[in-house]
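Colleague: The structure is given below, and queries will be raised subsequently.
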Amino acid sequence: MDMAQIDRLLEKHPQDNSALVAILQEVQRQEGYLGRKTLGGLSQKLKVPLSRLYGLATFYRSFSLVPTGRHRVHVCLGTACHVRGGQAVLNQLARLLGVPPGGTTSDRKFTVETVRCLGCCSIGPVVRVDQEVFGRVRQDKVSKILRNFA
Amino acid sequence: MITLRIDGQCVKADPTATVLEAAQKAGVRIPTLCHCEGIKPYGACRLCTVEVSNGARTTLQASCCYPVQEGLVVRTDTPAVLEGRKLLFQLLLARCPDVPAIRKLAEEWGVPNTPFKPKGEECALCGLCVRACAELIRAEAIAFSGRGTSRKVTTPFGFPTDTCLGCGACAYVCPTGRIQMEAEAVARLRKLVGAQRKCRYMLMGMVPSKLCPNNYECRGCTFDQAVEYQLGIHPAFAIAATRQQLGTSV
Amino acid sequence: MKEPNPIASTEGLERLKAQGLKSISPAVTKFTVGLSACGLATGGQAVFDALAQELGKASSSAVLAKTSCIGFCQMEPIVEVYRPGEPRVLYRQMTSEKAQKLAAVTLSGKLHKEDALCTRDGFPEGGPARALSGIPRMEDIPFYQKQKKIVLSRCGRINPDSLAEYVAAGGYFTLWRVLNSMSPDQIIAEVERSGLRGRGGAGFPTGRKWRFARDAAGDPKFVICNADEGDPGAYMDRSALEGDPFSVLEGMTVGAYAIGAQEGVIYVRDEYPLAVEKLEIAIGQARAHGLLGKNIMGKGLSFDIRLVRGGGAFVCGEETALIASIEGRPGEPRQRPPFPAQKGLWGKPTVINNVETWANVPWILSHGADAFRTMGTENSKGTKVFSIVGKINNTGLIEVPMGIKLREVIYEIGGGIPEGKRFKAIQTGGPSGGCIPHQLLDLPVDYESLTQAGAIMGSGGMIVMDEDTCMVDVARYFLDFLKEESCGKCSPCREGIATALDILNRICRGEGKQGDIETLDAIGRMMKGFSLCALGTTAPNPILSTIRYFRDEYEAHVRDRRCPAGVCQALIHFRINPEKCTGCTLCAKACPQEAVTGERKKPHTINGASCIKCGLCYDVCKENAILKE
C-alpha cells in the first residue's frame, strides 16, 4: 500500500490504540497479507513503533506476513469436528493439494489452514472456503468441494 | 506499615510493596529470573511462586507481582512450592541446556539436572530486554513476536532497526547473555556525519546536547565513564530521574 | 434507512410492539427459514430461495421470513410454517425440492405432514402447543421436553434484525421499568439475590462483581461483553448473538446504569462474521431509536457500545488478555490482583461478563430474582445453555435448568449414542475441562459437582465420546490445541504444555516409557499452581481427568503399545476380511498410496508396508469388510 491508500484506510478508524488490530485486519482483507512496506507506512502515520505492529501481526492468527492464496480453505479441528474425523479431512485435503497445513499451492490458488472452531459443531466435520461453510464433510467428498472454486 | 508473616517470621512492609520485596528485605530467599529492580514486575518466569493465605483462601501466587496485605501468611517452603519450583527449573534447564547463568541458578536452588529433552535455546524469554527498551528507553526497538513456543525477541521482521539507540540497556539486563544488539546499531551510528552524531546520552534524553567524542566506542570514552561512575548503574536506569530533573519527556 | 425515532415513553414501546406482533404473527401464511451459520452451512439459503420462488409463482399473499438457530441443529435446515389460527409447525432437514412441495401443499390450504418435526406453542404469548393429526407437540419430543428457554427464548422465533419483533417479545420494557423505578443499588441487589453466576466458565457471582465495580474509584467505567467464545465444540454465544442480539444490548445497558458506565465494548471472535453483522445491525437500530447513545429513553442515561473483533487468539477469552487486545496489544494476560472490576480497561473499573450472563439480566429484572431462584440447585441458580455435539444422535443447542443429570442430557435429550455404540465419556469445559465417565452420569450439572469430578462447567460445550474415541488421543488433542494458543509469556504454561505434548505424542506413537504417566501428573500439578492465567492453570485438566478415569487406556498404550479404541495411527493397522470382501474395488480406487491390490470380484489385500493408515478404505467400504485392529 502507498501512503495515500494508507491515509484513506485510516480515515475510517478512530486514531487510538484500540483500533490497531482492526486497522491491520483491514489491510489483511485488502492486500491478503501484511507486508513490511505497508507496516512501515502505518508505523509512520500512526506514530506507533514498528515493533509493536510486528508483534501484533505475528501474535494473532488472522494475519499473514506472506501472501495467501486466492481461496483460503479452513478445516475445522475443533473437538466435535475432531471426534467426527476432522483430521482425516485435513489430511486428505493436504494430500489432494500437495501442501502441508499452513501452505499455499504453487499456483497461489488455495491456502490450507486449520481453525478451531467455527461454531458449527453440530454439523461437523466442517470446512470453510472463503465465506462459504460446508458441513458434514467426509474425507472422500473433499475433492467435490474444491471443484466449486475457480 | 503492613505486618505479614513469611515462613513464620513477622515482617513489616511498606503498603505498596510486593511480597517478593518484603521477603528480600527480611532476608528470606526466593528465586527469580525475570525480576529486576527498576523495571516493573512482569510475572513471566514464575520461579518466585510462593503460597499465600489471606485467611479466606490459600493459593499459589508469583510473589513479584502480589501486593502485601495486612495479616497475609506466606510460605516459601511448602511441598507444593518446592516440588513445583524443582519441576519448573528442570523445564528451564531443558529449554536452555547450555546457558551458564541458568545452570548456576538452578544448581543454587538444588536442581543440577533435568530429565527432559534439551531444546538448545539460549533465551529464557524473561522479557527484561524488551521491558527495559520499552519502559526505560521508550524506544521499543525490540519486542516479542509470535506466541506460545514460537515466541521470541526480535526486531521487526528480524532486520536492523533505526529505533535502536545502541545504548546497550538490553544487554545489561539480560540474565543469559543472549542479547547482543549493540554491534549493528553502533555500525549504523558510525555512518552518520556532523551534527547527526549524537552522543547516546543525548539520544536517551539525559543531556540536552552533546555530540559523540569517541566514535561510538562507549567503553573507552571518558565522558561515558564519568557518567556511569556518577550513576553507579547503567544509564538506562537513571533516565527517569534525569527526565524529571531536566523537565523533558524524551 | 429509517429516520431516527427515539423511544421515550411506553406509548413508543407499545407502538413498536404492535408492529412486531404483526410481523411475528401476520394475518397471512408465513414461512420462516432458520438461517444461522449452521442453517446456511447445511443448505438453508437454497431452501429460502426455493420458497421465495414458489411464493412468487403462486402470487399468494403468503410471506417469507428469516430467523436464526432453532436449537435442534441435527435437523437443519429447518422451516417453520405459520397459518393464522393454527399451531406453528416445524419441518426438518429441508432441501429445495422438499421446500417446493411444502409450499405447494401449504398454499393450497392443506397441512403438509411429510418432514414435519413438531408443532410449537404460540409466540410470543406462549401457552402449550396443540398436536396436529400425527404431528407431535414440541414438548413431547425428547430433545425439547426437559428444556427451559430463558436466554434462548427468542432465538429461532424472531427475526434477529428486527427491533420491533424483539420489543413484541418483551424486549426493552424491562429497561424502561428499570430506568424509571429502580436505583443502581436496587438493580445490583436484585442481581446478587438471583444467584446469577458468570456463564463464561468461572462462575463468579455476577452481582458481586457489579458491586465491586460500582464501589471502585475511577472514571470512566466500562462494561464489556466477552464474546470470544473459543472453546471448540461450544457455540452457545454465537447463536445467542446471531439470534437475539438485542437481549445482550439491553442487558449491557442495564449493567452500565447499575455500575455507572458510559461505554461498552462487545469483543467478538474474528471467526464469527455473521454474529458481527447481526450485532452491527442491532446496534444501528438501537441507536436510531434512542436505546443507545445520549439520554437513553429520555431518562438521562448516556451509554453506547463499540464492536471490537478479535484477531484469532483463544487466549483472548481470558479477561485480562481480552482487555489487552482492546487496548491494541497482543493478548497477554496479566497477574491479578488488581481485578478488572477495580482496574480493567485503560486501568479503569470494568465489568466484563460473558454473552449468556448479559442475556440473563433482562429476564431476571423483569421476572424477579425469586423466579430465577426457582430454577437450578442450591449454589447454581437459573438455566444454562449447552451445546451437545460429538457422538450423539440429537446434536444441537439446549437450555436446561441447572441440576439436571448428565444421564438425562445424554440419553433423553440427546437421544443416546448413534449406531448402537457404547457411551464412553462426556467432555465439558473445553480445553480447560475434563472427561466424565459413565459411572458419574448421575451427577447433577452444576458448577461444584462438575469441578469435583475433575471437569468444569466451562462455557457450556458438551462433547459426547463413544467406544471409538481414544482418551489418550483426547488429552493429546487438547494439548495440541493449547500449544498453539498459549500466549507463551509464562514458562510453566509454555514449557509445560510443550513437554507434556511431547510425552503424549510419544505415547500415541507407541514409544511410551515407564514413568511417563507419573511425569504427566507432576507437570500438571505444577502448572495448576504456577501458571499466570487460567489457560495455564486449567490446561492440565484434560490430562489429569483422563488419567483419573481411563488410566487403563494409558497403560495399554505405554505398556502394550496398543490403542484399544483403534485411533492412534501408529498403533493400529487395517486388514481386509477375506470373508466379507466382495472385490468391488472401491477401496483400491480410494487408496492414495495404491496399497490395496486384488482382482475384481476377488478378496483384496492391503500392503501393510505402504499403508499410511489414512482410513479412506475403511470409510468407503460398503461391506464392513475392512478391520481396524
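Just remember, in the C-alpha cells the first chain shown is A, the second B, etc., residues are 1-based per chain, and ligands are 1-based in the order shown.
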Compile the contact shell of segment 52-69 of chain A as a ChimeraX atom specification: residues with an atom at most 8 Å away, counting only C-alpha atoms, same-chain residues fewer than 3 positions apart removed.
Modeller: /A:20-21,24-25,28,32-35,39,43,48-49,72,104-105,108-111 /B:140,143-147,156-157 /C:270,311-313,329-331
Colleague: Go ahead and write the selection's residues with N, CA, C and O atoms as a CSV table (one decimal), in the first residue's frame.
Modeller:
```
chain,number,residue,atom,x,y,z
A,20,LEU,N,-5.9,-0.5,16.5
A,20,LEU,CA,-4.7,-1.1,15.8
A,20,LEU,C,-5.1,-2.5,15.2
A,20,LEU,O,-4.7,-2.7,14.0
A,21,VAL,N,-5.7,-3.3,15.9
A,21,VAL,CA,-6.0,-4.7,15.4
A,21,VAL,C,-7.0,-4.5,14.2
A,21,VAL,O,-6.8,-5.2,13.2
A,24,LEU,N,-5.2,-3.4,11.1
A,24,LEU,CA,-4.4,-4.4,10.5
A,24,LEU,C,-5.3,-5.4,9.8
A,24,LEU,O,-5.0,-6.0,8.7
A,25,GLN,N,-6.5,-5.7,10.4
A,25,GLN,CA,-7.4,-6.6,9.7
A,25,GLN,C,-7.9,-6.1,8.4
A,25,GLN,O,-8.1,-6.8,7.4
A,28,GLN,N,-5.2,-6.6,6.0
A,28,GLN,CA,-5.1,-8.1,5.6
A,28,GLN,C,-6.2,-8.4,4.6
A,28,GLN,O,-6.0,-9.1,3.6
A,32,GLY,N,-4.4,-9.1,1.4
A,32,GLY,CA,-4.2,-10.5,1.5
A,32,GLY,C,-3.0,-10.9,2.4
A,32,GLY,O,-2.8,-12.0,2.7
A,33,TYR,N,-2.3,-9.9,2.9
A,33,TYR,CA,-1.2,-10.2,3.8
A,33,TYR,C,-0.7,-8.8,4.4
A,33,TYR,O,-1.1,-7.7,3.9
A,34,LEU,N,0.2,-8.9,5.4
A,34,LEU,CA,0.7,-7.7,6.0
A,34,LEU,C,2.2,-7.6,5.6
A,34,LEU,O,3.0,-8.3,6.1
A,35,GLY,N,2.5,-6.7,4.6
A,35,GLY,CA,3.9,-6.6,4.1
A,35,GLY,C,4.7,-5.6,4.9
A,35,GLY,O,4.2,-4.7,5.6
A,39,LEU,N,3.5,-2.0,6.7
A,39,LEU,CA,3.5,-1.9,8.2
A,39,LEU,C,4.4,-0.7,8.5
A,39,LEU,O,4.1,0.1,9.4
A,43,SER,N,3.3,2.5,10.6
A,43,SER,CA,4.0,2.9,11.8
A,43,SER,C,4.3,4.4,11.8
A,43,SER,O,4.1,5.1,12.8
A,48,VAL,N,3.3,4.8,15.9
A,48,VAL,CA,3.4,3.6,16.7
A,48,VAL,C,4.6,2.9,16.3
A,48,VAL,O,4.9,2.7,15.1
A,49,PRO,N,5.5,2.4,17.3
A,49,PRO,CA,6.7,1.7,16.9
A,49,PRO,C,6.4,0.5,16.0
A,49,PRO,O,5.4,-0.2,16.3
A,72,ARG,N,-9.0,-19.2,0.7
A,72,ARG,CA,-8.4,-19.7,2.0
A,72,ARG,C,-9.4,-20.8,2.4
A,72,ARG,O,-10.5,-20.6,2.7
A,104,THR,N,0.5,-22.8,0.9
A,104,THR,CA,-0.2,-22.3,-0.3
A,104,THR,C,0.2,-23.1,-1.5
A,104,THR,O,1.4,-23.4,-1.7
A,105,THR,N,-0.7,-23.4,-2.4
A,105,THR,CA,-0.4,-24.2,-3.6
A,105,THR,C,0.5,-23.3,-4.5
A,105,THR,O,0.4,-22.1,-4.5
A,108,ARG,N,-0.8,-20.4,-6.4
A,108,ARG,CA,-1.5,-19.4,-5.5
A,108,ARG,C,-3.0,-19.5,-5.5
A,108,ARG,O,-3.7,-18.5,-5.2
A,109,LYS,N,-3.5,-20.7,-5.7
A,109,LYS,CA,-5.0,-20.8,-5.8
A,109,LYS,C,-5.6,-21.1,-4.4
A,109,LYS,O,-6.5,-20.4,-4.0
A,110,PHE,N,-5.0,-22.0,-3.6
A,110,PHE,CA,-5.5,-22.3,-2.3
A,110,PHE,C,-4.5,-22.2,-1.2
A,110,PHE,O,-3.3,-22.6,-1.4
A,111,THR,N,-4.9,-21.7,-0.1
A,111,THR,CA,-4.1,-21.8,1.1
A,111,THR,C,-4.9,-22.7,2.1
A,111,THR,O,-6.1,-22.5,2.3
B,140,GLU,N,11.3,1.0,22.2
B,140,GLU,CA,10.6,-0.2,21.7
B,140,GLU,C,11.3,-0.7,20.4
B,140,GLU,O,10.6,-1.0,19.4
B,143,ALA,N,10.8,-6.3,20.4
B,143,ALA,CA,9.6,-6.7,21.1
B,143,ALA,C,9.4,-8.2,20.9
B,143,ALA,O,10.2,-8.8,20.2
B,144,PHE,N,8.4,-8.8,21.6
B,144,PHE,CA,8.1,-10.2,21.4
B,144,PHE,C,7.4,-10.3,20.1
B,144,PHE,O,6.6,-9.5,19.7
B,145,SER,N,7.7,-11.4,19.4
B,145,SER,CA,6.9,-11.8,18.3
B,145,SER,C,6.4,-13.2,18.4
B,145,SER,O,7.0,-14.0,19.2
B,146,GLY,N,5.3,-13.5,17.7
B,146,GLY,CA,4.8,-14.9,17.7
B,146,GLY,C,4.1,-15.2,19.1
B,146,GLY,O,3.9,-14.2,19.9
B,147,ARG,N,3.7,-16.4,19.3
B,147,ARG,CA,3.2,-16.7,20.6
B,147,ARG,C,3.4,-18.2,20.9
B,147,ARG,O,3.9,-19.0,20.0
B,156,PRO,N,11.7,-5.8,14.3
B,156,PRO,CA,10.6,-6.1,13.3
B,156,PRO,C,11.2,-6.8,12.1
B,156,PRO,O,12.2,-6.3,11.5
B,157,PHE,N,10.6,-7.9,11.7
B,157,PHE,CA,11.0,-8.7,10.6
B,157,PHE,C,12.4,-9.2,10.7
B,157,PHE,O,13.0,-9.7,9.7
C,270,ASP,N,-13.0,-13.2,15.8
C,270,ASP,CA,-12.9,-13.0,14.4
C,270,ASP,C,-13.6,-14.0,13.5
C,270,ASP,O,-14.0,-13.8,12.4
C,311,GLY,N,-8.6,-11.1,17.0
C,311,GLY,CA,-7.6,-11.3,15.9
C,311,GLY,C,-7.3,-12.8,15.7
C,311,GLY,O,-6.5,-13.1,14.9
C,312,GLY,N,-8.1,-13.6,16.4
C,312,GLY,CA,-7.8,-15.0,16.2
C,312,GLY,C,-6.8,-15.5,17.3
C,312,GLY,O,-5.7,-15.9,17.0
C,313,ALA,N,-7.3,-15.5,18.5
C,313,ALA,CA,-6.5,-16.0,19.6
C,313,ALA,C,-7.4,-16.5,20.8
C,313,ALA,O,-8.1,-15.7,21.3
C,329,ARG,N,-2.9,-4.3,22.1
C,329,ARG,CA,-1.7,-5.1,22.4
C,329,ARG,C,-1.9,-6.5,22.2
C,329,ARG,O,-3.1,-7.0,22.0
C,330,PRO,N,-0.9,-7.3,22.1
C,330,PRO,CA,-1.1,-8.8,22.0
C,330,PRO,C,-1.8,-9.3,23.2
C,330,PRO,O,-1.7,-8.7,24.3
C,331,GLY,N,-2.6,-10.3,23.1
C,331,GLY,CA,-3.5,-10.8,24.2
C,331,GLY,C,-2.7,-11.6,25.2
C,331,GLY,O,-2.8,-12.8,25.4
```
Colleague: List the spatial neighbours of Thr163 of chain B as a list in words - criterion: any atom at most 10 Å away, only C-alpha atoms, same-chain residues fewer than 4 positions off excluded.
Modeller: Pro49, Leu50 and Ser51 of chain A; Arg138, Ala139, Glu140, Ala141, Ile142, Thr155 and Ala185 of chain B
Colleague: Applying 9 Å and only C-alpha atoms, which residues near Val81 of chain B remain after dropping the ones on its own chain fewer than 3 positions away? List them as a PyMOL selection string.
Modeller: (chain B and resi 49-51+60+75-78+84-86) or (chain C and resi 526+529-530)
Colleague: Could you write out that same residue set with N, CA, C and O atoms as a tab-separated table (two decimals), in the first residue's frame?
Modeller:
```tsv
chain	number	residue	atom	x	y	z
B	49	THR	N	7.21	-18.11	42.67
B	49	THR	CA	5.90	-18.51	43.19
B	49	THR	C	6.00	-19.00	44.63
B	49	THR	O	6.88	-19.78	44.97
B	50	VAL	N	5.07	-18.52	45.47
B	50	VAL	CA	5.01	-18.93	46.87
B	50	VAL	C	3.55	-19.17	47.23
B	50	VAL	O	2.65	-18.85	46.46
B	51	GLU	N	3.34	-19.74	48.43
B	51	GLU	CA	1.97	-19.94	48.88
B	51	GLU	C	1.54	-18.74	49.71
B	51	GLU	O	2.26	-18.31	50.61
B	60	LEU	N	-1.42	-20.30	45.31
B	60	LEU	CA	-0.04	-20.09	44.91
B	60	LEU	C	-0.01	-18.84	44.03
B	60	LEU	O	-0.84	-18.69	43.15
B	75	ARG	N	4.25	-18.72	52.69
B	75	ARG	CA	5.20	-19.81	52.91
B	75	ARG	C	5.96	-20.07	51.61
B	75	ARG	O	5.35	-20.23	50.55
B	76	THR	N	7.28	-20.10	51.73
B	76	THR	CA	8.09	-20.32	50.53
B	76	THR	C	8.61	-21.76	50.47
B	76	THR	O	9.39	-22.09	49.58
B	77	ASP	N	8.16	-22.60	51.43
B	77	ASP	CA	8.79	-23.92	51.53
B	77	ASP	C	7.81	-25.07	51.65
B	77	ASP	O	8.15	-26.15	52.14
B	78	THR	N	6.57	-24.86	51.19
B	78	THR	CA	5.62	-25.98	51.27
B	78	THR	C	5.97	-27.01	50.20
B	78	THR	O	6.65	-26.69	49.22
B	84	GLY	N	6.95	-27.92	42.72
B	84	GLY	CA	6.67	-27.19	41.50
B	84	GLY	C	7.88	-26.41	41.03
B	84	GLY	O	8.21	-26.39	39.85
B	85	ARG	N	8.57	-25.80	41.99
B	85	ARG	CA	9.76	-25.00	41.65
B	85	ARG	C	10.82	-25.89	41.01
B	85	ARG	O	11.45	-25.54	40.02
B	86	LYS	N	11.00	-27.08	41.59
B	86	LYS	CA	12.01	-28.01	41.06
B	86	LYS	C	11.67	-28.38	39.62
B	86	LYS	O	12.53	-28.35	38.73
C	526	MET	N	2.12	-28.94	38.75
C	526	MET	CA	2.91	-27.70	38.77
C	526	MET	C	2.22	-26.60	38.01
C	526	MET	O	2.09	-25.47	38.47
C	529	GLY	N	-0.58	-24.73	39.78
C	529	GLY	CA	-0.24	-23.75	40.82
C	529	GLY	C	0.59	-22.58	40.33
C	529	GLY	O	0.52	-21.49	40.88
C	530	PHE	N	1.39	-22.81	39.28
C	530	PHE	CA	2.40	-21.81	38.94
C	530	PHE	C	2.06	-20.96	37.73
C	530	PHE	O	2.73	-19.95	37.48
```
Colleague: Using only C-alpha atoms, pick whichever of B:Arg29, B:Lys152, B:Arg57, B:Arg5 has the shortest atom-to-atom distance to chain A.
Modeller: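 Looking at the shortest contact to chain A, the residue is B:Lys152.
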Colleague: How would you write, as an MDAnalysis selection string, the set of residues in segment 21-149 of chain A that DSSP gives as alpha helix (DSSP H)?
Modeller: chainID A and resid 21:31 36:46 50:59 79:83 86:97 142:146
Colleague: Within 6 Å of chain A, which residues of chain C show up? Give each one with its shortest atom-to-atom distance in Å (one decimal) and the two atoms involved, counting only C-alpha atoms, rows by chain then rising residue number, as a Markdown table.
Modeller:
```
| residue | atom | partner | partner_atom | distance |
| --- | --- | --- | --- | --- |
| C:Cys38 | CA | A:Cys120 | CA | 5.5 |
| C:Ala41 | CA | A:Val133 | CA | 4.9 |
| C:Thr42 | CA | A:Gly135 | CA | 5.9 |
| C:Cys73 | CA | A:Ser122 | CA | 5.9 |
| C:Pro232 | CA | A:Gly78 | CA | 4.4 |
| C:Gly233 | CA | A:Ala80 | CA | 5.2 |
| C:Tyr235 | CA | A:Gly119 | CA | 4.7 |
| C:Gly311 | CA | A:Tyr60 | CA | 5.1 |
| C:Gly312 | CA | A:Arg61 | CA | 4.7 |
| C:Ala313 | CA | A:Tyr60 | CA | 5.9 |
| C:Ile326 | CA | A:Ser18 | CA | 5.2 |
| C:Glu327 | CA | A:Ser18 | CA | 4.7 |
| C:Gly328 | CA | A:Ser18 | CA | 4.6 |
| C:Pro330 | CA | A:Leu56 | CA | 5.6 |
| C:Val389 | CA | A:Ser122 | CA | 5.4 |
| C:Gly390 | CA | A:Ala80 | CA | 4.9 |
| C:Thr395 | CA | A:Ser122 | CA | 5.3 |
| C:Gly396 | CA | A:Ser122 | CA | 5.7 |
```
